[in-house]
Amino acid sequence: MLAYSNWAVLTVSFVVVLSLALSSVALCSVLHLVNAKWRFEVRHLAVSLYALFPLAFVLLVVLLAGGSNTFPWWDTPITKEFHMPGWYRSHWLIPREVIGMLFMMALYWVFIKRQAVSERSPEDAARFHTVATWVPFFFVLYSTMVAWDFEMTLVPHWHSAIYGMHQFLSNFGMFLAFLVVWIYALNSRQKLVRPVPDYIYNYLAQMLFAFTQLWIYTFDAQYLTIWYGNIPDETDRVMAMQNGDYSLIWWSVLVLKFVIPCTAFCFPGPRHNVTAINAVAVCIIVGTLFERYVWIGGIKGTGAYPILASITVGIVVATIGFFLVRMFMQRTQLIKG
């Protein structure tokens with residue numbers, strides 16, 4: 001039987017793949033609602049990550065089938081000390097996760113179809129706008145549920161009122177960083193039928209800077225509240241991650257997701273330098289991967305780094321995701337060939 005640390009790698013892969021798929025359409029929806037003119041340059045490219053949903057669904061099924069390998073509390077009797085005990089039942093967990101993902105897939109599919117014809121007539125524009133207004137609402141609800149089920153409640157007695165927001169803000173920032181690197185790779189290789197203009201990098205850099213500030217705000221709001229309250233049920237998990245076997249990646253997260261992005265993007269020069277923007281984006285992506293693993297795999301603060309499992313699972317998942325997205329982009333005639 002695989003160790004929990006190895007199963008945690010699979011859970012991290014699921015959360016990352018799902019977050020990329022969720023954030024792609026959420027970005028397009030928000031840009032439409034605020035009437036951002038540059039949305040026309042990225043919206044069709046961004047929604048191509050919808051193709052990752054089937055992969056996320058397969059990973060979800062595997063994790064749910066894993067039972068106690070995925071959720072340490074799975075076989076633990078429910079007691080009054082558990083936070084929100086109603087969630088710790090397989091007959092509640094499985095339906096809400098499966099139904100939730102299928103619902104988001106259906107909603108996002110309608111959004112993509114409406115977006116494709118949104119400029120055909122005023123009626124189509126109105127229908128698209130209606131769908132777009134619902135996307136952020138359900139994005140927040142569903143993302144919060146995933147954050148609670150697959151991260152926060154892995155330690156049943158541990159809870160944080162802000163954890164859901166903290167997690168999906170972090171993952172959305174990772175998506176923006178991924179979008180930067182993805183656009184750069186496609187532009188550099190001249191793969192896009194319609195290349196993305198260079199000024200888009202600056203807009204994405206500004207958004208990355210904003211989400212860096214939001215991330216550190218929610219991090220501090222959670223951390224300082226737990227530290228000041230000094231309640232063992234809350235502090236034990238955080239101190240174990242901070243000072244235990246995973247302390248290296250815990251502190252690396254702060255450097256990669258806050259110190260480097262904030263130091264770079266608080267000055268105008270790096271925000272207009274494509275190379276600097278990509279370098280910061282890579283730091284944010286790596287930092288988010290570390291963050292997800294330390295919260296999922298480091299629930300007790302002890303354990304070896306599953307380097308081999310991380311590399312193997314990462315390569316397999318990334319390869320499958322690459323081909324799924326490429327087929328979607330070929331079908332929608334976004335790339336050459």
# chains A, B, ... in the order shown; residues from 1 in each chain; ligands from 1
>>> residues_around(residues="Ser160 (chain A)", least_positions_apart="5", cutoff="10 Å", atoms="only C-alpha atoms", output="list in words")
Trp148, Met152, Thr153, His166, Gln222, Tyr223, Thr225, Ile226 and Glu234 of chain A
>>> select_by_dssp(residues="region 202-266 of chain A", states="alpha helix (DSSP H)", output="number ranges by chain")
A: 202-229, 232-243, 247-254, 260-265
>>> write_last_selection(atoms="N, CA and C atoms", output="short mmCIF file (atom, residue, chain, number, x, y, z; two decimals), in the first residue's frame")
data_model
loop_
_atom_site.label_atom_id
_atom_site.label_comp_id
_atom_site.auth_asym_id
_atom_site.auth_seq_id
_atom_site.Cartn_x
_atom_site.Cartn_y
_atom_site.Cartn_z
N ASN A 202 1.95 42.91 -19.20
CA ASN A 202 1.89 43.93 -18.15
C ASN A 202 0.58 43.85 -17.37
N TYR A 203 -0.52 43.62 -18.07
CA TYR A 203 -1.81 43.48 -17.39
C TYR A 203 -1.79 42.27 -16.44
N LEU A 204 -1.24 41.17 -16.93
CA LEU A 204 -1.17 39.97 -16.09
C LEU A 204 -0.22 40.18 -14.91
N ALA A 205 0.87 40.93 -15.14
CA ALA A 205 1.79 41.23 -14.04
C ALA A 205 1.10 42.05 -12.96
N GLN A 206 0.27 42.99 -13.36
CA GLN A 206 -0.48 43.79 -12.39
C GLN A 206 -1.45 42.92 -11.59
N MET A 207 -2.09 41.99 -12.29
CA MET A 207 -3.00 41.08 -11.59
C MET A 207 -2.24 40.15 -10.65
N LEU A 208 -1.07 39.69 -11.07
CA LEU A 208 -0.25 38.85 -10.21
C LEU A 208 0.16 39.61 -8.94
N PHE A 209 0.50 40.87 -9.12
CA PHE A 209 0.87 41.71 -7.97
C PHE A 209 -0.32 41.85 -7.02
N ALA A 210 -1.49 42.08 -7.58
CA ALA A 210 -2.69 42.22 -6.75
C ALA A 210 -3.01 40.94 -6.00
N PHE A 211 -2.91 39.81 -6.68
CA PHE A 211 -3.24 38.55 -6.02
C PHE A 211 -2.15 38.13 -5.03
N THR A 212 -0.93 38.61 -5.23
CA THR A 212 0.11 38.40 -4.23
C THR A 212 -0.27 39.10 -2.93
N GLN A 213 -0.77 40.34 -3.05
CA GLN A 213 -1.20 41.08 -1.87
C GLN A 213 -2.40 40.42 -1.21
N LEU A 214 -3.35 39.94 -2.00
CA LEU A 214 -4.51 39.25 -1.44
C LEU A 214 -4.10 37.97 -0.74
N TRP A 215 -3.16 37.25 -1.34
CA TRP A 215 -2.71 35.99 -0.75
C TRP A 215 -2.04 36.22 0.61
N ILE A 216 -1.13 37.19 0.68
CA ILE A 216 -0.44 37.42 1.94
C ILE A 216 -1.39 38.00 2.98
N TYR A 217 -2.40 38.74 2.55
CA TYR A 217 -3.40 39.25 3.50
C TYR A 217 -4.17 38.11 4.13
N THR A 218 -4.67 37.18 3.31
CA THR A 218 -5.42 36.05 3.87
C THR A 218 -4.51 35.12 4.66
N PHE A 219 -3.26 35.00 4.24
CA PHE A 219 -2.29 34.20 5.00
C PHE A 219 -2.11 34.78 6.40
N ASP A 220 -1.87 36.09 6.47
CA ASP A 220 -1.66 36.75 7.76
C ASP A 220 -2.93 36.72 8.60
N ALA A 221 -4.08 36.95 7.96
CA ALA A 221 -5.34 36.94 8.70
C ALA A 221 -5.57 35.60 9.37
N GLN A 222 -5.21 34.52 8.69
CA GLN A 222 -5.37 33.18 9.25
C GLN A 222 -4.28 32.88 10.27
N TYR A 223 -3.03 33.14 9.90
CA TYR A 223 -1.90 32.77 10.75
C TYR A 223 -1.91 33.56 12.07
N LEU A 224 -2.10 34.87 11.99
CA LEU A 224 -2.05 35.69 13.20
C LEU A 224 -3.20 35.39 14.14
N THR A 225 -4.37 35.08 13.57
CA THR A 225 -5.52 34.72 14.40
C THR A 225 -5.25 33.44 15.17
N ILE A 226 -4.70 32.46 14.46
CA ILE A 226 -4.38 31.18 15.11
C ILE A 226 -3.27 31.35 16.15
N TRP A 227 -2.24 32.12 15.79
CA TRP A 227 -1.12 32.33 16.71
C TRP A 227 -1.57 33.08 17.96
N TYR A 228 -2.37 34.13 17.78
CA TYR A 228 -2.81 34.93 18.92
C TYR A 228 -3.75 34.14 19.81
N GLY A 229 -4.66 33.38 19.21
CA GLY A 229 -5.58 32.57 20.01
C GLY A 229 -4.87 31.48 20.78
N PRO A 232 -4.51 24.89 21.12
CA PRO A 232 -3.73 23.75 20.63
C PRO A 232 -4.30 23.08 19.38
N ASP A 233 -5.63 22.92 19.33
CA ASP A 233 -6.24 22.27 18.16
C ASP A 233 -5.95 23.02 16.87
N GLU A 234 -5.74 24.33 16.97
CA GLU A 234 -5.48 25.14 15.79
C GLU A 234 -3.98 25.31 15.53
N THR A 235 -3.23 25.54 16.60
CA THR A 235 -1.80 25.82 16.41
C THR A 235 -0.99 24.57 16.09
N ASP A 236 -1.43 23.40 16.56
CA ASP A 236 -0.62 22.19 16.39
C ASP A 236 -0.34 21.90 14.92
N ARG A 237 -1.36 22.03 14.08
CA ARG A 237 -1.16 21.72 12.66
C ARG A 237 -0.22 22.73 12.01
N VAL A 238 -0.42 24.00 12.28
CA VAL A 238 0.39 25.04 11.66
C VAL A 238 1.84 24.96 12.13
N MET A 239 2.05 24.79 13.44
CA MET A 239 3.41 24.70 13.96
C MET A 239 4.12 23.45 13.47
N ALA A 240 3.37 22.36 13.27
CA ALA A 240 3.98 21.13 12.76
C ALA A 240 4.49 21.32 11.34
N MET A 241 3.73 22.03 10.52
CA MET A 241 4.17 22.30 9.15
C MET A 241 5.33 23.29 9.14
N GLN A 242 5.26 24.28 10.02
CA GLN A 242 6.25 25.34 10.04
C GLN A 242 7.59 24.87 10.59
N ASN A 243 7.56 23.99 11.59
CA ASN A 243 8.78 23.61 12.29
C ASN A 243 9.17 22.14 12.12
N SER A 247 9.38 22.02 7.03
CA SER A 247 9.64 23.44 7.29
C SER A 247 10.32 24.13 6.11
N LEU A 248 11.17 23.39 5.38
CA LEU A 248 11.86 23.99 4.24
C LEU A 248 10.89 24.48 3.18
N ILE A 249 9.91 23.64 2.82
CA ILE A 249 8.98 24.09 1.78
C ILE A 249 7.96 25.07 2.35
N TRP A 250 7.68 24.99 3.66
CA TRP A 250 6.78 25.97 4.29
C TRP A 250 7.35 27.38 4.12
N TRP A 251 8.61 27.57 4.48
CA TRP A 251 9.23 28.88 4.36
C TRP A 251 9.51 29.25 2.91
N SER A 252 9.74 28.24 2.07
CA SER A 252 9.95 28.52 0.64
C SER A 252 8.70 29.12 0.02
N VAL A 253 7.53 28.68 0.50
CA VAL A 253 6.27 29.21 -0.02
C VAL A 253 6.21 30.73 0.17
N LEU A 254 6.58 31.20 1.35
CA LEU A 254 6.54 32.63 1.62
C LEU A 254 7.49 33.41 0.72
N ILE A 260 9.47 37.37 -3.39
CA ILE A 260 9.96 37.61 -4.76
C ILE A 260 8.94 38.38 -5.60
N PRO A 261 7.67 37.94 -5.68
CA PRO A 261 6.71 38.70 -6.50
C PRO A 261 6.51 40.13 -6.02
N CYS A 262 6.42 40.34 -4.71
CA CYS A 262 6.18 41.69 -4.20
C CYS A 262 7.39 42.59 -4.44
N THR A 263 8.59 42.05 -4.20
CA THR A 263 9.80 42.83 -4.42
C THR A 263 9.96 43.22 -5.88
N ALA A 264 9.63 42.29 -6.77
CA ALA A 264 9.78 42.56 -8.21
C ALA A 264 8.70 43.49 -8.74
N PHE A 265 7.44 43.20 -8.43
CA PHE A 265 6.34 43.91 -9.07
C PHE A 265 5.96 45.22 -8.40
#
>>> closest_residue(among="A:Thr76, A:Asn6, A:Gln115, A:Gln333", to="Phe40 (chain A)", atoms="only C-alpha atoms")
A:Gln115
>>> residues_around(residues="Met329 (chain A)", least_positions_apart="4", cutoff="10 Å", atoms="only C-alpha atoms", output="list of chain:residue names")
A:His44, A:Leu45, A:Val47, A:Ser48, A:Leu49, A:Ala51, A:Leu192, A:Phe323, A:Leu324, A:Val325, A:Gln333, A:Leu334, A:Ile335, A:Lys336
>>> closest_residue(among="A:Leu102, A:Leu64, A:Val316, A:Ala161", to="Ser90 (chain A)", atoms="only C-alpha atoms")
A:Leu64
>>> closest_atom_pairs(of="region 164-270 of chain A", to="region 137-144 of chain A", cutoff="10 Å", atoms="only C-alpha atoms", output="JSON lines")
{"residue": "A:Gly164", "atom": "CA", "partner": "A:Thr144", "partner_atom": "CA", "distance": 4.5}
{"residue": "A:Met165", "atom": "CA", "partner": "A:Thr144", "partner_atom": "CA", "distance": 6.7}
{"residue": "A:His166", "atom": "CA", "partner": "A:Thr144", "partner_atom": "CA", "distance": 9.3}
{"residue": "A:Gln167", "atom": "CA", "partner": "A:Thr144", "partner_atom": "CA", "distance": 7.9}
{"residue": "A:Phe168", "atom": "CA", "partner": "A:Ser143", "partner_atom": "CA", "distance": 6.2}
{"residue": "A:Leu169", "atom": "CA", "partner": "A:Ser143", "partner_atom": "CA", "distance": 9.6}
{"residue": "A:Asn171", "atom": "CA", "partner": "A:Ser143", "partner_atom": "CA", "distance": 9.7}
>>> closest_residue(among="A:Gly173, A:Gly337, A:Gly314, A:Gly67", to="Val282 (chain A)", atoms="only C-alpha atoms")
A:Gly173
>>> residues_around(residues="Ala106 (chain A)", least_positions_apart="2", cutoff="12 Å", atoms="only C-alpha atoms", output="VMD selection string")
chain A and resid 22 50 53 99 to 104 108 to 113 131 135 138
>>> residues_around(residues="Glu41 (chain A)", least_positions_apart="4", cutoff="10 Å", atoms="only C-alpha atoms", output="PDB file with N, CA and C atoms, in the first residue's frame")
ATOM      1  N   LYS A  37     -11.164  45.578 -21.836  1.00  0.00           N
ATOM      2  CA  LYS A  37     -11.020  45.488 -23.286  1.00  0.00           C
ATOM      3  C   LYS A  37     -10.038  44.399 -23.709  1.00  0.00           C
ATOM      4  N   LEU A  45      -8.185  31.627 -25.570  1.00  0.00           N
ATOM      5  CA  LEU A  45      -7.035  30.838 -25.125  1.00  0.00           C
ATOM      6  C   LEU A  45      -7.259  30.334 -23.699  1.00  0.00           C
ATOM      7  N   ALA A  46      -7.728  31.209 -22.835  1.00  0.00           N
ATOM      8  CA  ALA A  46      -7.917  30.841 -21.430  1.00  0.00           C
ATOM      9  C   ALA A  46      -8.916  29.698 -21.272  1.00  0.00           C
ATOM     10  N   ARG A 194      -3.481  33.575 -33.847  1.00  0.00           N
ATOM     11  CA  ARG A 194      -3.497  35.003 -33.536  1.00  0.00           C
ATOM     12  C   ARG A 194      -2.660  35.226 -32.289  1.00  0.00           C
ATOM     13  N   PRO A 195      -1.403  35.626 -32.423  1.00  0.00           N
ATOM     14  CA  PRO A 195      -0.528  35.801 -31.257  1.00  0.00           C
ATOM     15  C   PRO A 195      -1.097  36.800 -30.254  1.00  0.00           C
ATOM     16  N   VAL A 196      -0.788  36.581 -28.996  1.00  0.00           N
ATOM     17  CA  VAL A 196      -1.225  37.477 -27.935  1.00  0.00           C
ATOM     18  C   VAL A 196      -0.276  38.674 -27.885  1.00  0.00           C
ATOM     19  N   PRO A 197      -0.789  39.910 -27.924  1.00  0.00           N
ATOM     20  CA  PRO A 197       0.078  41.102 -27.905  1.00  0.00           C
ATOM     21  C   PRO A 197       0.930  41.179 -26.643  1.00  0.00           C
ATOM     22  N   ILE A 200      -0.170  42.513 -23.017  1.00  0.00           N
ATOM     23  CA  ILE A 200      -0.953  41.667 -22.119  1.00  0.00           C
ATOM     24  C   ILE A 200      -0.112  41.221 -20.917  1.00  0.00           C
TER      25      ILE A 200
END
>>> residues_around(residues="Leu10 (chain A)", least_positions_apart="4", cutoff="10 Å", atoms="only C-alpha atoms", output="PyMOL selection string")
chain A and resi 4-6+14-16+59-60+62-63+70+293+309-310+313-314+317
>>> closest_residue(among="A:Ile183, A:Glu97, A:Gln190, A:Ser170", to="Glu291 (chain A)", atoms="only C-alpha atoms")
A:Ser170
